[in-house]
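Note: the block below is model.pdb and it holds PDB, C-alpha atoms.
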```pdb
ATOM      1  CA  PRO A   1      45.886 177.162  81.104
ATOM      2  CA  VAL A   2      45.292 177.177  77.371
ATOM      3  CA  ASN A   3      44.027 174.601  74.920
ATOM      4  CA  ALA A   4      46.964 172.316  74.113
ATOM      5  CA  LEU A   5      45.695 171.554  70.607
ATOM      6  CA  LEU A   6      45.363 175.234  69.716
ATOM      7  CA  TRP A   7      48.773 175.887  71.226
ATOM      8  CA  ARG A   8      50.481 173.182  69.165
ATOM      9  CA  ALA A   9      48.611 174.272  66.042
ATOM     10  CA  ALA A  10      49.583 177.921  66.581
ATOM     11  CA  LEU A  11      53.244 176.957  66.887
ATOM     12  CA  ASP A  12      52.973 174.836  63.731
ATOM     13  CA  ILE A  13      51.348 177.607  61.700
ATOM     14  CA  ALA A  14      53.726 180.307  62.988
ATOM     15  CA  SER A  15      56.796 178.179  62.278
ATOM     16  CA  PHE A  16      57.467 179.985  58.974
ATOM     17  CA  VAL A  17      58.411 183.125  60.959
ATOM     18  CA  PRO A  18      61.242 183.331  63.534
ATOM     19  CA  LEU A  19      59.807 183.405  67.049
ATOM     20  CA  ALA A  20      60.669 186.298  69.370
ATOM     21  CA  ASP A  21      58.751 185.412  72.535
ATOM     22  CA  VAL A  22      56.735 182.366  73.532
ATOM     23  CA  ASP A  23      54.717 182.340  76.755
ATOM     24  CA  THR A  24      53.337 178.851  77.257
ATOM     25  CA  PHE A  25      51.486 179.728  80.445
ATOM     26  CA  GLY A  26      49.977 182.959  79.134
ATOM     27  CA  GLY A  27      49.219 181.467  75.733
ATOM     28  CA  SER A  28      50.984 184.074  73.620
ATOM     29  CA  ILE A  29      53.379 183.835  70.696
ATOM     30  CA  LEU A  30      55.161 186.866  69.266
ATOM     31  CA  THR A  31      57.303 186.618  66.163
ATOM     32  CA  GLU A  32      60.168 188.641  64.782
ATOM     33  CA  TRP A  33      59.594 190.887  61.772
ATOM     34  CA  TYR A  34      59.607 188.784  58.599
ATOM     35  CA  SER A  35      59.443 189.572  54.882
ATOM     36  CA  LEU A  36      57.708 187.086  52.637
ATOM     37  CA  PRO A  37      59.908 186.121  49.662
ATOM     38  CA  ASN A  38      57.413 187.545  47.155
ATOM     39  CA  ARG A  39      57.036 190.858  49.096
ATOM     40  CA  PRO A  40      60.533 192.157  49.958
ATOM     41  CA  ASN A  41      59.328 195.740  50.630
ATOM     42  CA  GLU A  42      56.767 194.585  53.179
ATOM     43  CA  ARG A  43      57.286 192.774  56.439
ATOM     44  CA  LEU A  44      54.989 191.357  59.067
ATOM     45  CA  LYS A  45      54.998 190.444  62.713
ATOM     46  CA  LEU A  46      52.511 188.034  64.278
ATOM     47  CA  ALA A  47      50.990 188.194  67.737
ATOM     48  CA  ILE A  48      49.056 184.995  68.458
ATOM     49  CA  PHE A  49      46.942 184.514  71.559
ATOM     50  CA  VAL A  50      45.311 181.278  72.737
ATOM     51  CA  LEU A  51      42.500 182.620  74.900
ATOM     52  CA  ASP A  52      40.632 179.602  76.247
ATOM     53  CA  ARG A  53      40.867 175.944  77.202
ATOM     54  CA  GLU A  54      38.184 174.973  74.681
ATOM     55  CA  LEU A  55      38.771 174.267  70.995
ATOM     56  CA  ARG A  56      36.523 177.026  69.655
ATOM     57  CA  SER A  57      36.892 179.737  67.039
ATOM     58  CA  ASP A  58      36.862 182.508  69.645
ATOM     59  CA  ALA A  59      39.691 180.846  71.585
ATOM     60  CA  ILE A  60      42.362 181.999  69.118
ATOM     61  CA  ARG A  61      43.312 185.545  68.123
ATOM     62  CA  VAL A  62      45.963 186.528  65.575
ATOM     63  CA  ILE A  63      47.097 190.094  65.019
ATOM     64  CA  VAL A  64      49.252 190.753  61.955
ATOM     65  CA  TYR A  65      51.298 193.958  62.110
ATOM     66  CA  LEU A  66      52.639 195.350  58.840
ATOM     67  CA  GLN A  67      55.516 197.626  57.924
ATOM     68  CA  LEU A  68      56.466 198.951  54.494
ATOM     69  CA  ASN A  69      59.923 199.947  53.306
ATOM     70  CA  ASP A  70      59.749 203.483  51.913
ATOM     71  CA  GLY A  71      63.382 203.491  50.781
ATOM     72  CA  ALA A  72      64.589 205.257  53.921
ATOM     73  CA  GLY A  73      63.507 202.540  56.350
ATOM     74  CA  TRP A  74      60.545 200.615  57.696
ATOM     75  CA  VAL A  75      57.307 202.505  58.334
ATOM     76  CA  ASP A  76      54.326 201.161  60.278
ATOM     77  CA  ALA A  77      51.416 200.327  57.973
ATOM     78  CA  GLY A  78      48.864 199.151  60.528
ATOM     79  CA  GLN A  79      47.351 195.712  60.826
ATOM     80  CA  ASP A  80      46.160 193.185  58.269
ATOM     81  CA  ALA A  81      42.883 191.879  59.732
ATOM     82  CA  SER A  82      42.199 189.691  56.697
ATOM     83  CA  MET A  83      45.500 187.828  57.050
ATOM     84  CA  GLY A  84      44.894 187.540  60.801
ATOM     85  CA  ASN A  85      41.521 185.900  60.137
ATOM     86  CA  ARG A  86      43.053 183.503  57.598
ATOM     87  CA  LEU A  87      45.766 182.504  60.069
ATOM     88  CA  GLU A  88      43.141 181.941  62.782
ATOM     89  CA  GLU A  89      41.286 179.595  60.419
ATOM     90  CA  LEU A  90      44.522 177.755  59.585
ATOM     91  CA  ILE A  91      45.284 177.316  63.286
ATOM     92  CA  LEU A  92      41.766 175.996  63.986
ATOM     93  CA  THR A  93      42.007 173.593  61.051
ATOM     94  CA  ARG A  94      45.417 172.378  62.189
ATOM     95  CA  ALA A  95      44.152 171.912  65.770
ATOM     96  CA  ARG A  96      41.276 169.791  64.480
ATOM     97  CA  GLU A  97      43.722 167.724  62.404
ATOM     98  CA  ILE A  98      45.901 167.149  65.478
ATOM     99  CA  ARG A  99      42.849 166.143  67.523
ATOM    100  CA  ALA A 100      41.677 163.742  64.800
ATOM    101  CA  SER A 101      45.113 162.137  64.483
ATOM    102  CA  THR A 102      45.429 161.640  68.247
ATOM    103  CA  GLN A 103      41.956 160.084  68.384
ATOM    104  CA  VAL A 104      42.886 157.673  65.570
ATOM    105  CA  GLU A 105      46.115 156.753  67.382
ATOM    106  CA  SER A 106      44.302 156.158  70.674
ATOM    107  CA  ASP A 107      41.705 153.986  68.929
ATOM    108  CA  SER A 108      44.443 151.732  67.478
TER     109      SER A 108
END
```
Final structure tokens representation of the file:
Amino acid sequence: PVNALLWRAALDIASFVPLADVDTFGGSILTEWYSLPNRPNERLKLAIFVLDRELRSDAIRVIVYLQLNDGAGWVDAGQDASMGNRLEELILTRAREIRASTQVESDS
């Protein structure tokens, strides 16, 4: 089992990219390739893993794969660790927001 708050937050944050495979029990989300509007010659694919039942920073892992269009087609360009780290922080922040909102609702 995975942390439900991290899972919901990961789905929220990844919602800007079409999803390819979602494994609720294994805690993994894989997206389709997606080009950001301001970067048409670059596309990314996200692999998101919820690794634990606890809401901790090491319970979420995001890998961002990149491809570049060289005019003849898409070529692998490795991973963007910086973007992966930013997305992990966004997911953690969103999970904390969800937790705070559910605590406020339960207190009412």
Test item: the PyMOL selection byres ((chain A and resi 68) around 10) resolved as a PyMOL selection string: chain A and resi 35+39-44+66-67+69-71+73-78
For atom CA of A:Thr102 and atom CA of A:Leu19, the interatomic separation in Å (one decimal):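 Rounded to one decimal, the two atoms are 26.1 Å apart.
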Long-range neighbours of A:Arg96 as a ChimeraX atom specification, 9 Å cut-off, only C-alpha atoms, 3 positions minimum in chain: /A:5-6,9,55,91-93,99-101
Dump of C-alpha atoms for the selected residues, as a CSV table (one decimal), in the coordinates of the input:
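Final file, result-v6.csv:
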```csv
chain,number,residue,atom,x,y,z
A,5,LEU,CA,45.7,171.6,70.6
A,6,LEU,CA,45.4,175.2,69.7
A,9,ALA,CA,48.6,174.3,66.0
A,55,LEU,CA,38.8,174.3,71.0
A,91,ILE,CA,45.3,177.3,63.3
A,92,LEU,CA,41.8,176.0,64.0
A,93,THR,CA,42.0,173.6,61.1
A,99,ARG,CA,42.8,166.1,67.5
A,100,ALA,CA,41.7,163.7,64.8
A,101,SER,CA,45.1,162.1,64.5
```
Nearest candidate to A:Val22 (options A:Ile98, A:Leu36, A:Val64, A:Trp7; using only C-alpha atoms): A:Trp7
Work out where the centre of an axis-aligned box around every listed atom of stretch 63-68 of chain A lies and how long its edges are once 8 Å is added on each side; give both in Å to one decimal as lines of an AutoDock Vina configuration file.
```
center_x = 51.8
center_y = 194.5
center_z = 59.8
size_x = 25.4
size_y = 24.9
size_z = 26.5
```
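Rounded to one decimal, atom CA of A:Ile63 and atom CA of A:Asn85 lie 8.5 Å from each other.
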Matched chain/residue IDs from the PyMOL selection byres ((chain A and resi 48) around 9), as a ChimeraX atom specification: /A:10,14,27-31,46-47,49-50,60-64,88
Residue among A:Leu51, A:Leu90, A:Ala72, A:Ala59 lying closest to A:Ile13, counting only C-alpha atoms: A:Leu90
Point-to-point distance from atom CA of A:Trp33 to atom CA of A:Asn3, Å rounded to tenths: 26.1 Å
Proximity to A:Tyr65 - best of A:Arg53, A:Glu89, A:Gln79, A:Glu97, only C-alpha atoms: A:Gln79
